[in-house]
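Structure file input03.txt (compact mmCIF, C-alpha atoms) is printed below.
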```txt
# COMPACT_ATOMS: atom_id res chain seq x y z
CA MET A 1 105.85 130.99 102.76
CA PRO A 2 102.56 130.57 100.89
CA GLU A 3 99.70 128.51 102.27
CA PRO A 4 100.11 124.92 101.02
CA LEU A 5 96.76 124.86 99.34
CA ALA A 6 96.18 128.40 98.24
CA TRP A 7 95.09 128.64 94.63
CA GLN A 8 97.68 130.36 92.47
CA ILE A 9 97.87 131.50 88.87
CA ALA A 10 100.25 129.35 86.80
CA THR A 11 101.55 130.30 83.36
CA LEU A 12 101.89 127.76 80.56
CA THR A 13 105.50 127.79 79.38
CA GLY A 14 105.80 124.56 77.43
CA VAL A 15 103.82 121.84 75.68
CA ARG A 16 105.24 118.51 74.54
CA PRO A 17 103.27 115.76 72.79
CA GLU A 18 103.77 112.35 74.44
CA SER A 19 101.39 110.23 72.34
CA ALA A 20 98.36 110.73 70.11
CA GLU A 21 96.04 111.83 72.93
CA VAL A 22 98.53 112.83 75.61
CA LYS A 23 100.62 115.96 76.08
CA SER A 24 102.85 117.28 78.86
CA PHE A 25 102.22 120.85 79.97
CA THR A 26 104.88 122.85 81.79
CA LEU A 27 103.44 125.37 84.24
CA ALA A 28 105.51 128.12 85.84
CA LEU A 29 104.37 128.74 89.41
CA PRO A 30 104.83 132.04 91.30
CA ALA A 31 104.61 130.13 94.62
CA TRP A 32 106.38 126.90 93.63
CA ARG A 33 106.84 124.37 96.41
CA SER A 34 108.89 121.21 96.38
CA HIS A 35 106.70 118.14 95.89
CA ARG A 36 107.03 114.41 96.47
CA ALA A 37 106.94 112.03 93.51
CA GLY A 38 103.37 110.78 93.11
CA GLN A 39 101.61 113.95 94.24
CA HIS A 40 99.18 115.91 92.11
CA TYR A 41 97.90 119.41 91.46
CA ASP A 42 94.27 120.45 91.31
CA VAL A 43 93.36 122.55 88.29
CA ARG A 44 90.31 124.83 88.32
CA LEU A 45 88.66 126.50 85.35
CA THR A 46 86.06 129.22 85.86
CA ALA A 47 83.62 130.20 83.12
CA GLU A 48 82.37 133.75 82.66
CA ASP A 49 79.09 132.80 84.34
CA GLY A 50 80.95 131.52 87.40
CA TYR A 51 80.65 127.81 86.62
CA GLN A 52 83.73 125.95 87.81
CA ALA A 53 85.26 122.64 86.75
CA GLN A 54 88.04 121.11 88.82
CA ARG A 55 90.28 118.10 88.13
CA SER A 56 93.40 116.54 89.63
CA TYR A 57 96.45 115.85 87.46
CA SER A 58 99.56 113.99 88.51
CA ILE A 59 102.90 115.74 88.49
CA ALA A 60 105.26 114.15 85.97
CA SER A 61 108.39 116.13 86.78
CA PRO A 62 110.74 115.22 89.62
CA PRO A 63 110.97 117.49 92.69
CA SER A 64 114.48 118.50 91.66
CA ARG A 65 113.02 120.67 88.89
CA THR A 66 112.31 123.97 90.62
CA GLY A 67 109.97 126.84 89.80
CA GLU A 68 107.73 124.82 87.55
CA VAL A 69 105.85 121.56 87.33
CA GLU A 70 105.01 119.38 84.39
CA LEU A 71 101.55 117.84 84.25
CA THR A 72 100.93 115.08 81.69
CA ILE A 73 97.29 115.14 80.62
CA GLU A 74 95.32 112.74 78.45
CA ARG A 75 92.70 114.33 76.24
CA ILE A 76 89.29 112.94 77.20
CA PRO A 77 86.97 113.76 74.25
CA ASP A 78 83.93 114.77 76.32
CA GLY A 79 85.91 116.00 79.33
CA GLU A 80 85.54 119.49 80.77
CA VAL A 81 89.13 120.31 81.58
CA SER A 82 91.49 118.15 79.49
CA PRO A 83 90.18 119.39 76.08
CA TYR A 84 90.76 122.94 77.32
CA PHE A 85 94.41 122.14 77.94
CA HIS A 86 94.82 120.34 74.62
CA ASP A 87 92.78 122.58 72.31
CA VAL A 88 92.46 126.04 73.85
CA LEU A 89 95.37 126.86 76.15
CA ARG A 90 98.30 128.62 74.44
CA LEU A 91 101.84 129.38 75.62
CA GLY A 92 101.71 132.31 78.01
CA ASP A 93 98.11 131.65 79.00
CA GLN A 94 97.24 131.41 82.68
CA VAL A 95 95.39 128.75 84.63
CA GLU A 96 94.43 128.39 88.29
CA VAL A 97 96.11 125.56 90.25
CA ARG A 98 96.74 124.43 93.82
CA GLY A 99 99.19 121.89 95.15
CA PRO A 100 101.20 119.81 95.58
CA ILE A 101 98.57 117.51 97.10
CA GLY A 102 98.62 114.00 98.57
CA GLY A 103 100.70 112.32 101.24
CA TYR A 104 99.88 108.67 100.57
CA PHE A 105 100.57 107.72 96.96
CA VAL A 106 104.14 109.02 97.13
CA TRP A 107 107.56 107.47 96.88
CA GLU A 108 111.03 108.73 97.65
CA PRO A 109 114.32 106.83 97.76
CA ALA A 110 114.24 106.74 101.58
CA LEU A 111 111.20 104.44 101.42
CA GLY A 112 113.38 101.83 99.74
CA GLY A 113 112.31 98.86 97.72
CA PRO A 114 112.29 96.70 95.84
CA LEU A 115 109.84 98.89 94.01
CA LEU A 116 107.05 97.60 91.78
CA LEU A 117 105.22 100.15 89.64
CA VAL A 118 102.10 99.02 87.78
CA ALA A 119 100.54 101.42 85.28
CA GLY A 120 97.60 101.45 82.93
CA GLY A 121 97.51 104.16 80.25
CA SER A 122 98.08 107.64 81.65
CA GLY A 123 98.36 106.05 85.09
CA VAL A 124 102.05 105.93 84.27
CA VAL A 125 102.38 109.66 85.00
CA PRO A 126 102.88 109.65 88.80
CA LEU A 127 105.02 106.51 88.45
CA MET A 128 107.20 108.33 85.92
CA ALA A 129 107.73 111.05 88.52
CA MET A 130 108.98 108.30 90.86
CA LEU A 131 111.31 106.90 88.20
CA ARG A 132 112.59 110.39 87.39
CA GLU A 133 113.14 111.09 91.09
CA ARG A 134 115.02 107.80 91.41
CA SER A 135 117.30 108.80 88.53
CA ALA A 136 117.73 112.39 89.69
CA ALA A 137 118.74 111.20 93.16
CA GLY A 138 121.24 108.68 91.77
CA ASP A 139 119.26 106.01 93.59
CA HIS A 140 119.61 102.33 92.67
CA THR A 141 116.52 100.80 94.29
CA PRO A 142 115.68 97.62 92.33
CA THR A 143 112.59 98.62 90.37
CA ALA A 144 110.14 96.98 87.97
CA LEU A 145 107.66 98.86 85.81
CA LEU A 146 104.73 96.87 84.43
CA TYR A 147 102.99 99.13 81.94
CA SER A 148 99.78 98.34 80.07
CA SER A 149 98.78 100.34 76.98
CA ARG A 150 96.27 99.74 74.21
CA THR A 151 98.71 100.06 71.30
CA LEU A 152 102.36 100.99 70.83
CA ASP A 153 101.30 104.49 69.74
CA ASP A 154 99.54 104.96 73.08
CA VAL A 155 102.70 104.34 75.13
CA ILE A 156 103.55 107.54 77.01
CA TYR A 157 107.25 108.44 77.60
CA ARG A 158 108.18 105.51 75.35
CA GLU A 159 111.76 106.53 74.52
CA GLU A 160 112.54 107.64 78.07
CA ILE A 161 111.21 104.43 79.59
CA GLU A 162 113.10 102.24 77.16
CA ALA A 163 116.27 104.23 77.85
CA LEU A 164 115.79 103.77 81.59
CA ALA A 165 115.46 100.03 81.15
CA ALA A 166 118.46 99.89 78.80
CA ALA A 167 120.66 101.79 81.28
CA GLN A 168 120.88 98.61 83.39
CA ASP A 169 120.93 100.38 86.72
CA GLY A 170 118.17 98.29 88.20
CA VAL A 171 115.01 99.16 86.28
CA LEU A 172 113.21 96.21 84.71
CA LEU A 173 110.57 97.04 82.10
CA PHE A 174 107.58 94.85 81.34
CA GLN A 175 105.10 96.10 78.79
CA THR A 176 101.78 94.77 77.58
CA LEU A 177 99.78 95.98 74.60
CA THR A 178 96.15 94.96 74.98
CA ARG A 179 94.56 95.99 71.69
CA SER A 180 97.11 95.52 68.91
CA GLN A 181 100.79 94.68 68.74
CA PRO A 182 103.51 95.28 66.12
CA ALA A 183 104.68 92.19 64.21
CA ASP A 184 107.98 92.09 66.10
CA TRP A 185 106.45 92.70 69.55
CA SER A 186 108.17 90.71 72.29
CA GLY A 187 106.17 91.97 75.28
CA TYR A 188 102.86 90.78 76.66
CA ALA A 189 99.69 91.04 74.56
CA ARG A 190 96.87 90.84 77.08
CA ARG A 191 95.40 92.61 80.07
CA ILE A 192 97.33 92.40 83.32
CA ASP A 193 96.52 89.11 85.04
CA ARG A 194 97.79 87.02 87.88
CA GLU A 195 100.17 84.96 85.75
CA MET A 196 101.79 88.14 84.42
CA LEU A 197 102.10 89.57 87.93
CA SER A 198 103.62 86.31 89.10
CA GLU A 199 106.28 86.46 86.39
CA VAL A 200 107.12 90.08 87.24
CA LEU A 201 107.32 89.26 90.96
CA ALA A 202 109.69 86.39 90.23
CA ARG A 203 112.04 88.80 88.45
CA ILE A 204 111.95 91.60 91.01
CA GLY A 205 112.02 89.31 94.05
CA GLY A 206 111.07 89.92 97.66
CA GLN A 207 107.88 91.66 98.68
CA PRO A 208 108.06 94.88 96.70
CA LEU A 209 106.64 98.19 97.77
CA THR A 210 103.97 98.53 95.09
CA TYR A 211 102.27 101.51 93.46
CA ILE A 212 99.41 100.87 91.05
CA CYS A 213 97.82 103.66 89.00
CA GLY A 214 95.32 103.40 86.19
CA PRO A 215 91.67 102.82 85.40
CA THR A 216 89.69 101.25 88.23
CA LEU A 217 89.37 97.81 86.65
CA LEU A 218 93.12 97.52 86.07
CA VAL A 219 93.88 98.74 89.59
CA GLU A 220 91.47 96.21 91.10
CA ALA A 221 92.87 93.34 89.03
CA ALA A 222 96.47 94.19 89.81
CA ALA A 223 95.94 94.90 93.52
CA ASN A 224 93.84 91.79 94.12
CA GLY A 225 96.24 89.64 92.10
CA LEU A 226 99.29 90.84 94.02
CA VAL A 227 97.64 90.28 97.40
CA GLU A 228 96.63 86.76 96.32
CA LEU A 229 100.26 86.20 95.37
CA GLY A 230 101.32 87.05 98.91
CA ILE A 231 102.17 90.75 98.84
CA PRO A 232 100.95 92.30 102.12
CA PRO A 233 98.09 94.75 101.47
CA ALA A 234 99.98 97.41 103.43
CA ARG A 235 102.71 97.24 100.74
CA VAL A 236 100.24 97.98 97.93
CA ARG A 237 99.18 101.58 97.28
CA THR A 238 96.64 102.39 94.62
CA GLU A 239 95.42 105.40 92.72
CA ARG A 240 92.38 104.90 90.53
CA PHE A 241 91.24 107.34 87.93
CA GLY A 242 87.85 107.39 86.33
CA PRO A 243 86.97 107.85 82.66
CA THR A 244 85.80 111.45 83.01
CA THR A 245 88.85 113.26 84.31
CA MET B 246 83.86 96.37 93.47
CA ASP B 247 84.14 97.38 89.83
CA ASP B 248 82.39 100.72 89.58
CA PRO B 249 84.40 102.47 86.86
CA LEU B 250 83.52 105.91 88.21
CA MET B 251 85.06 105.14 91.59
CA LEU B 252 88.27 106.93 92.56
CA ASP B 253 90.60 106.84 95.53
CA ALA B 254 90.14 109.49 98.18
CA ASN B 255 93.54 110.79 97.11
CA ALA B 256 91.61 112.48 94.30
CA VAL B 257 89.77 114.69 96.81
CA ALA B 258 92.80 115.30 99.04
CA GLY B 259 92.75 118.93 97.95
CA ASP B 260 89.17 119.45 99.13
CA LEU B 261 89.93 117.66 102.41
CA ALA B 262 92.98 119.84 102.94
CA GLU B 263 90.87 122.92 102.34
CA MET B 264 88.50 121.85 105.14
CA PHE B 265 91.11 120.58 107.61
CA GLY B 266 93.73 123.20 106.84
CA PHE B 267 96.43 120.67 106.01
CA ASP B 268 96.86 117.46 104.03
CA VAL B 269 95.09 114.60 105.78
CA SER B 270 95.23 112.01 102.98
CA ALA B 271 97.86 109.94 104.81
CA SER B 272 96.08 110.36 108.16
CA MET B 273 94.43 107.31 109.69
CA HIS B 274 90.77 106.55 110.28
CA ARG B 275 88.76 103.66 111.65
CA CYS B 276 85.56 102.56 109.91
CA THR B 277 82.60 102.66 112.31
CA ASN B 278 80.94 99.76 110.53
CA CYS B 279 83.67 97.14 110.12
CA GLY B 280 86.51 98.49 112.23
CA ASN B 281 89.05 98.61 109.39
CA ARG B 282 91.88 101.05 110.11
CA GLY B 283 93.63 102.72 107.23
CA ALA B 284 94.83 105.93 105.61
CA LEU B 285 92.08 108.27 104.45
CA ALA B 286 93.57 107.96 100.96
CA THR B 287 92.53 104.29 100.85
CA LEU B 288 88.84 105.22 101.00
CA LEU B 289 86.88 104.84 97.77
CA ALA B 290 85.68 108.18 96.41
CA TYR B 291 82.44 108.83 94.56
CA VAL B 292 82.67 112.32 93.17
CA HIS B 293 80.02 112.52 90.46
CA GLY B 294 77.01 113.28 92.64
CA PRO B 295 76.02 116.60 94.18
CA GLY B 296 78.34 115.85 97.11
CA ILE B 297 81.43 113.75 97.75
CA VAL B 298 81.07 110.28 99.30
CA LEU B 299 84.01 108.29 100.67
CA ARG B 300 83.40 104.60 101.35
CA CYS B 301 85.39 102.00 103.27
CA CYS B 302 87.62 99.96 100.98
CA VAL B 303 86.77 96.81 102.97
CA CYS B 304 83.02 96.92 103.76
CA HIS B 305 82.01 99.74 101.36
CA GLU B 306 79.95 101.54 104.00
CA ILE B 307 80.00 105.34 103.92
CA VAL B 308 82.78 106.75 106.11
CA LEU B 309 82.83 110.46 105.21
CA ARG B 310 80.62 112.62 103.05
CA TRP B 311 80.18 116.28 102.44
CA VAL B 312 78.32 118.68 100.25
CA ARG B 313 78.95 122.31 99.41
CA THR B 314 76.48 125.11 99.03
CA PRO B 315 77.64 128.50 97.75
CA THR B 316 78.43 129.55 101.33
CA ARG B 317 78.57 126.43 103.53
CA VAL B 318 80.08 122.95 103.71
CA TYR B 319 78.06 120.18 105.40
CA PHE B 320 80.44 117.44 106.56
CA ASP B 321 79.14 114.09 107.85
CA ALA B 322 81.79 111.94 109.57
CA ARG B 323 79.59 109.49 111.46
CA GLY B 324 81.04 106.58 109.46
CA ALA B 325 84.45 107.18 111.01
CA ALA B 326 84.85 105.95 114.59
CA TYR B 327 87.81 108.31 114.77
CA MET B 328 90.43 110.07 112.72
CA GLU B 329 94.04 110.32 113.77
CA MET B 330 96.45 112.92 112.45
CA GLY B 331 99.56 114.81 113.36
CA ALA B 332 98.74 117.78 115.57
CA PRO B 333 98.96 120.86 113.33
```

I need this file expressed as structure tokens, please.
Amino acid sequence: MPEPLAWQIATLTGVRPESAEVKSFTLALPAWRSHRAGQHYDVRLTAEDGYQAQRSYSIASPPSRTGEVELTIERIPDGEVSPYFHDVLRLGDQVEVRGPIGGYFVWEPALGGPLLLVAGGSGVVPLMAMLRERSAAGDHTPTALLYSSRTLDDVIYREEIEALAAAQDGVLLFQTLTRSQPADWSGYARRIDREMLSEVLARIGGQPLTYICGPTLLVEAAANGLVELGIPPARVRTERFGPTT
Amino acid sequence: MDDPLMLDANAVAGDLAEMFGFDVSASMHRCTNCGNRGALATLLAYVHGPGIVLRCCVCHEIVLRWVRTPTRVYFDARGAAYMEMGAP
């Protein structure tokens, strides 16, 4: 058995565009280990002069997919690592990774629900792993996904999420588009606020186990709003990401 | 606190695991300053300086910090009254 956090050389075996600035990268791992939904991998790039850049990327694939992991990565224009994935890395190329990492921002069906997932932008990635794990396990935990994006074109996993909600097996979908909305848009059209959270809570009921992932400001607003609405802080888990990942 | 560069300590769970030898992100700590008890992953991480600084999510005092040189790691844990983890 390999050391949990030994660096290993992964091989890129697939790339799938998810939205204008977001792609999913499938990495084959020689020392693959089962992960928990919500965990991440560290990626390390080393330049010829020895300079290293390291970032963490959430795993999008469910643990039931063996031998490989899928990382969904947003291209940050002046980033050090994400442009390399988007613009330089080709199928068959190798990259150094370690993982899976993280024992806190994780969900599995045994933790139960109801489950409230709140995402901003590419913060949906670890939450998608939870939704995929829920489906793969045949689990029916009542679940709500509140997902904030700038525009409809920025929505990651759009078809899959809408299909999950349409399947009527207990996943409620609430979307908000903060920058522009199509003419026939029926979702929210503003940043996540307390009134929106209150409406989602009324639909999901109870005191949901809550996972919030996104930019810091969204995470703060959502976490503070939910606690003000009576959700115990111990039921709210957050994962912030900064603008330079 | 609305510092947009702030992350959760979950983001540095890999570095912590490298130092401790196993994943400690779900392990508990108590803040020396305010007494808050919580998972290490709830600490607020500042990762853009020369070293890593983890602050209490309640009082924002420094709990853990460390810096790497090419051959050493200097780890300052005086902001944690204690840490509690499963025996490895």

Handout entry: Long-range neighbours of range 217-226 of chain A as a PyMOL selection string, 10 Å cut-off, only C-alpha atoms, 2 positions minimum in chain
Key = (chain A and resi 118-121+123+148+191-198+201+207+210-215+228-233+235-242) or (chain B and resi 246-249+251)

Taking every listed atom of range 175-184 of chain A and adding 4 Å to each side, what centre and edge lengths in Å (one decimal) does the axis-aligned box have, as AutoDock Vina command-line options?
```
--center_x 101.3 --center_y 94.1 --center_z 71.5 --size_x 21.4 --size_y 12.0 --size_z 22.6
```

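Checking B:Ala262, B:Cys276, B:Cys302, B:Val269 one by one against Ala332 in chain B, counting all atoms listed in the file, you find the shortest gap at B:Val269.
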
Practice task
Quick one: everything within 10 Å of range 77-92 of chain A, counting only C-alpha atoms, minus sequence neighbours fewer than 3 positions away in the same chain. Send it as a PyMOL selection string.
Solution key: chain A and resi 10-15+17+21-28+43-45+52-57+73-74+95+243-245

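Using only C-alpha atoms, the nearest neighbour of Leu111 in chain A within the list A:Ala189, A:Leu209, A:Val97, A:Val200 is A:Leu209.
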
Counting only C-alpha atoms, which residues of chain B sit at most 7 Å from some atom of chain A, and what is each one's closest atom pair with its distance in Å to one decimal, listed by chain and rising residue number, as a tab-separated table?
```
residue	atom	partner	partner_atom	distance
B:Asp247	CA	A:Leu217	CA	6.1
B:Pro249	CA	A:Thr216	CA	5.6
B:Leu250	CA	A:Gly242	CA	4.9
B:Met251	CA	A:Gly242	CA	6.4
B:Leu252	CA	A:Arg240	CA	5.0
B:Asp253	CA	A:Arg240	CA	5.7
B:Asn255	CA	A:Gly102	CA	6.2
B:Ala256	CA	A:Ser56	CA	6.4
B:Ala258	CA	A:Gly102	CA	6.0
B:Gly259	CA	A:Ile101	CA	6.1
B:Glu263	CA	A:Leu5	CA	6.9
B:Asp268	CA	A:Gly102	CA	6.7
B:Ser270	CA	A:Gly103	CA	5.7
B:Ala271	CA	A:Tyr104	CA	4.9
B:Ala286	CA	A:Tyr104	CA	6.4
```

Exercise for the section: In Å, rounded to a single decimal, give me how far CA of Pro333 in chain B is from CA of Gly280 in chain B. Expected result: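 Result for CA of Gly280 in chain B versus CA of Pro333 in chain B: 25.6 Å, one decimal.
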
Handout entry: Spatial neighbours of range 319-323 of chain B, max dist 7 Å, all atoms listed in the file, sep filter under 5 positions, as a VMD selection string
Key = chain B and resid 308 to 313

Exercise for the section: Pick out the residues sitting within 7 Å of Ala37 in chain A, and hand them over as a VMD selection string; count all atoms listed in the file, and ignore anything fewer than 3 positions along from it in its own chain. Expected result: chain A and resid 62 to 63 106 to 108 126 129 to 130 133

Please complete range 12-48 of chain A with N, CA and C atoms and give it back as a PDB file, in the coordinates of the input.
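Contents of the output file out.pdb:
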```
ATOM      1  N   LEU A  12     101.452 128.854  81.428  1.00  0.00           N
ATOM      2  CA  LEU A  12     101.890 127.760  80.560  1.00  0.00           C
ATOM      3  C   LEU A  12     103.148 128.177  79.820  1.00  0.00           C
ATOM      4  N   THR A  13     104.237 127.434  80.021  1.00  0.00           N
ATOM      5  CA  THR A  13     105.500 127.790  79.380  1.00  0.00           C
ATOM      6  C   THR A  13     106.013 126.725  78.427  1.00  0.00           C
ATOM      7  N   GLY A  14     105.324 125.588  78.357  1.00  0.00           N
ATOM      8  CA  GLY A  14     105.800 124.560  77.430  1.00  0.00           C
ATOM      9  C   GLY A  14     104.750 123.482  77.218  1.00  0.00           C
ATOM     10  N   VAL A  15     104.720 122.947  75.996  1.00  0.00           N
ATOM     11  CA  VAL A  15     103.820 121.840  75.680  1.00  0.00           C
ATOM     12  C   VAL A  15     104.617 120.824  74.867  1.00  0.00           C
ATOM     13  N   ARG A  16     104.516 119.559  75.274  1.00  0.00           N
ATOM     14  CA  ARG A  16     105.240 118.510  74.540  1.00  0.00           C
ATOM     15  C   ARG A  16     104.299 117.341  74.296  1.00  0.00           C
ATOM     16  N   PRO A  17     104.112 116.947  73.029  1.00  0.00           N
ATOM     17  CA  PRO A  17     103.270 115.760  72.790  1.00  0.00           C
ATOM     18  C   PRO A  17     103.970 114.501  73.283  1.00  0.00           C
ATOM     19  N   GLU A  18     103.206 113.609  73.934  1.00  0.00           N
ATOM     20  CA  GLU A  18     103.770 112.350  74.440  1.00  0.00           C
ATOM     21  C   GLU A  18     103.238 111.164  73.640  1.00  0.00           C
ATOM     22  N   SER A  19     101.988 111.247  73.206  1.00  0.00           N
ATOM     23  CA  SER A  19     101.390 110.230  72.340  1.00  0.00           C
ATOM     24  C   SER A  19     100.200 110.900  71.674  1.00  0.00           C
ATOM     25  N   ALA A  20      99.428 110.136  70.916  1.00  0.00           N
ATOM     26  CA  ALA A  20      98.360 110.730  70.110  1.00  0.00           C
ATOM     27  C   ALA A  20      97.427 111.599  70.958  1.00  0.00           C
ATOM     28  N   GLU A  21      97.052 111.127  72.133  1.00  0.00           N
ATOM     29  CA  GLU A  21      96.040 111.830  72.930  1.00  0.00           C
ATOM     30  C   GLU A  21      96.605 112.402  74.221  1.00  0.00           C
ATOM     31  N   VAL A  22      97.919 112.427  74.339  1.00  0.00           N
ATOM     32  CA  VAL A  22      98.530 112.830  75.610  1.00  0.00           C
ATOM     33  C   VAL A  22      99.619 113.883  75.363  1.00  0.00           C
ATOM     34  N   LYS A  23      99.579 114.932  76.152  1.00  0.00           N
ATOM     35  CA  LYS A  23     100.620 115.960  76.080  1.00  0.00           C
ATOM     36  C   LYS A  23     101.086 116.304  77.497  1.00  0.00           C
ATOM     37  N   SER A  24     102.331 116.770  77.589  1.00  0.00           N
ATOM     38  CA  SER A  24     102.850 117.280  78.860  1.00  0.00           C
ATOM     39  C   SER A  24     102.856 118.802  78.808  1.00  0.00           C
ATOM     40  N   PHE A  25     102.350 119.408  79.882  1.00  0.00           N
ATOM     41  CA  PHE A  25     102.220 120.850  79.970  1.00  0.00           C
ATOM     42  C   PHE A  25     103.113 121.358  81.101  1.00  0.00           C
ATOM     43  N   THR A  26     104.025 122.257  80.766  1.00  0.00           N
ATOM     44  CA  THR A  26     104.880 122.850  81.790  1.00  0.00           C
ATOM     45  C   THR A  26     104.244 124.132  82.297  1.00  0.00           C
ATOM     46  N   LEU A  27     104.060 124.206  83.614  1.00  0.00           N
ATOM     47  CA  LEU A  27     103.440 125.370  84.240  1.00  0.00           C
ATOM     48  C   LEU A  27     104.437 126.044  85.163  1.00  0.00           C
ATOM     49  N   ALA A  28     104.674 127.325  84.929  1.00  0.00           N
ATOM     50  CA  ALA A  28     105.510 128.120  85.840  1.00  0.00           C
ATOM     51  C   ALA A  28     104.653 128.606  86.994  1.00  0.00           C
ATOM     52  N   LEU A  29     105.167 128.438  88.220  1.00  0.00           N
ATOM     53  CA  LEU A  29     104.370 128.740  89.410  1.00  0.00           C
ATOM     54  C   LEU A  29     105.014 129.871  90.208  1.00  0.00           C
ATOM     55  N   PRO A  30     104.272 130.945  90.489  1.00  0.00           N
ATOM     56  CA  PRO A  30     104.830 132.040  91.300  1.00  0.00           C
ATOM     57  C   PRO A  30     105.136 131.595  92.729  1.00  0.00           C
ATOM     58  N   ALA A  31     104.370 130.619  93.255  1.00  0.00           N
ATOM     59  CA  ALA A  31     104.610 130.130  94.620  1.00  0.00           C
ATOM     60  C   ALA A  31     104.934 128.636  94.552  1.00  0.00           C
ATOM     61  N   TRP A  32     105.987 128.300  93.799  1.00  0.00           N
ATOM     62  CA  TRP A  32     106.380 126.900  93.630  1.00  0.00           C
ATOM     63  C   TRP A  32     106.810 126.302  94.970  1.00  0.00           C
ATOM     64  N   ARG A  33     106.411 125.089  95.207  1.00  0.00           N
ATOM     65  CA  ARG A  33     106.840 124.370  96.410  1.00  0.00           C
ATOM     66  C   ARG A  33     107.354 123.005  95.987  1.00  0.00           C
ATOM     67  N   SER A  34     108.354 122.527  96.685  1.00  0.00           N
ATOM     68  CA  SER A  34     108.890 121.210  96.380  1.00  0.00           C
ATOM     69  C   SER A  34     107.805 120.156  96.624  1.00  0.00           C
ATOM     70  N   HIS A  35     107.716 119.182  95.737  1.00  0.00           N
ATOM     71  CA  HIS A  35     106.700 118.140  95.890  1.00  0.00           C
ATOM     72  C   HIS A  35     107.376 116.789  96.108  1.00  0.00           C
ATOM     73  N   ARG A  36     106.557 115.782  96.372  1.00  0.00           N
ATOM     74  CA  ARG A  36     107.030 114.410  96.470  1.00  0.00           C
ATOM     75  C   ARG A  36     106.511 113.662  95.250  1.00  0.00           C
ATOM     76  N   ALA A  37     107.335 112.758  94.717  1.00  0.00           N
ATOM     77  CA  ALA A  37     106.940 112.030  93.510  1.00  0.00           C
ATOM     78  C   ALA A  37     105.664 111.236  93.771  1.00  0.00           C
ATOM     79  N   GLY A  38     104.657 111.434  92.946  1.00  0.00           N
ATOM     80  CA  GLY A  38     103.370 110.780  93.110  1.00  0.00           C
ATOM     81  C   GLY A  38     102.262 111.759  93.464  1.00  0.00           C
ATOM     82  N   GLN A  39     102.624 112.973  93.875  1.00  0.00           N
ATOM     83  CA  GLN A  39     101.610 113.950  94.240  1.00  0.00           C
ATOM     84  C   GLN A  39     100.965 114.562  92.989  1.00  0.00           C
ATOM     85  N   HIS A  40      99.879 115.295  93.227  1.00  0.00           N
ATOM     86  CA  HIS A  40      99.180 115.910  92.110  1.00  0.00           C
ATOM     87  C   HIS A  40      98.876 117.383  92.379  1.00  0.00           C
ATOM     88  N   TYR A  41      98.437 118.052  91.341  1.00  0.00           N
ATOM     89  CA  TYR A  41      97.900 119.410  91.460  1.00  0.00           C
ATOM     90  C   TYR A  41      96.426 119.378  91.086  1.00  0.00           C
ATOM     91  N   ASP A  42      95.637 120.197  91.748  1.00  0.00           N
ATOM     92  CA  ASP A  42      94.270 120.450  91.310  1.00  0.00           C
ATOM     93  C   ASP A  42      94.299 121.610  90.326  1.00  0.00           C
ATOM     94  N   VAL A  43      93.503 121.491  89.282  1.00  0.00           N
ATOM     95  CA  VAL A  43      93.360 122.550  88.290  1.00  0.00           C
ATOM     96  C   VAL A  43      91.909 123.003  88.292  1.00  0.00           C
ATOM     97  N   ARG A  44      91.681 124.309  88.286  1.00  0.00           N
ATOM     98  CA  ARG A  44      90.310 124.830  88.320  1.00  0.00           C
ATOM     99  C   ARG A  44      90.096 125.808  87.176  1.00  0.00           C
ATOM    100  N   LEU A  45      89.056 125.573  86.420  1.00  0.00           N
ATOM    101  CA  LEU A  45      88.660 126.500  85.350  1.00  0.00           C
ATOM    102  C   LEU A  45      87.369 127.178  85.760  1.00  0.00           C
ATOM    103  N   THR A  46      87.279 128.454  85.521  1.00  0.00           N
ATOM    104  CA  THR A  46      86.060 129.220  85.860  1.00  0.00           C
ATOM    105  C   THR A  46      85.517 129.875  84.598  1.00  0.00           C
ATOM    106  N   ALA A  47      84.253 129.586  84.284  1.00  0.00           N
ATOM    107  CA  ALA A  47      83.620 130.200  83.120  1.00  0.00           C
ATOM    108  C   ALA A  47      83.148 131.606  83.464  1.00  0.00           C
ATOM    109  N   GLU A  48      82.797 132.359  82.429  1.00  0.00           N
ATOM    110  CA  GLU A  48      82.370 133.750  82.660  1.00  0.00           C
ATOM    111  C   GLU A  48      81.144 133.819  83.556  1.00  0.00           C
TER     112      GLU A  48
END
```
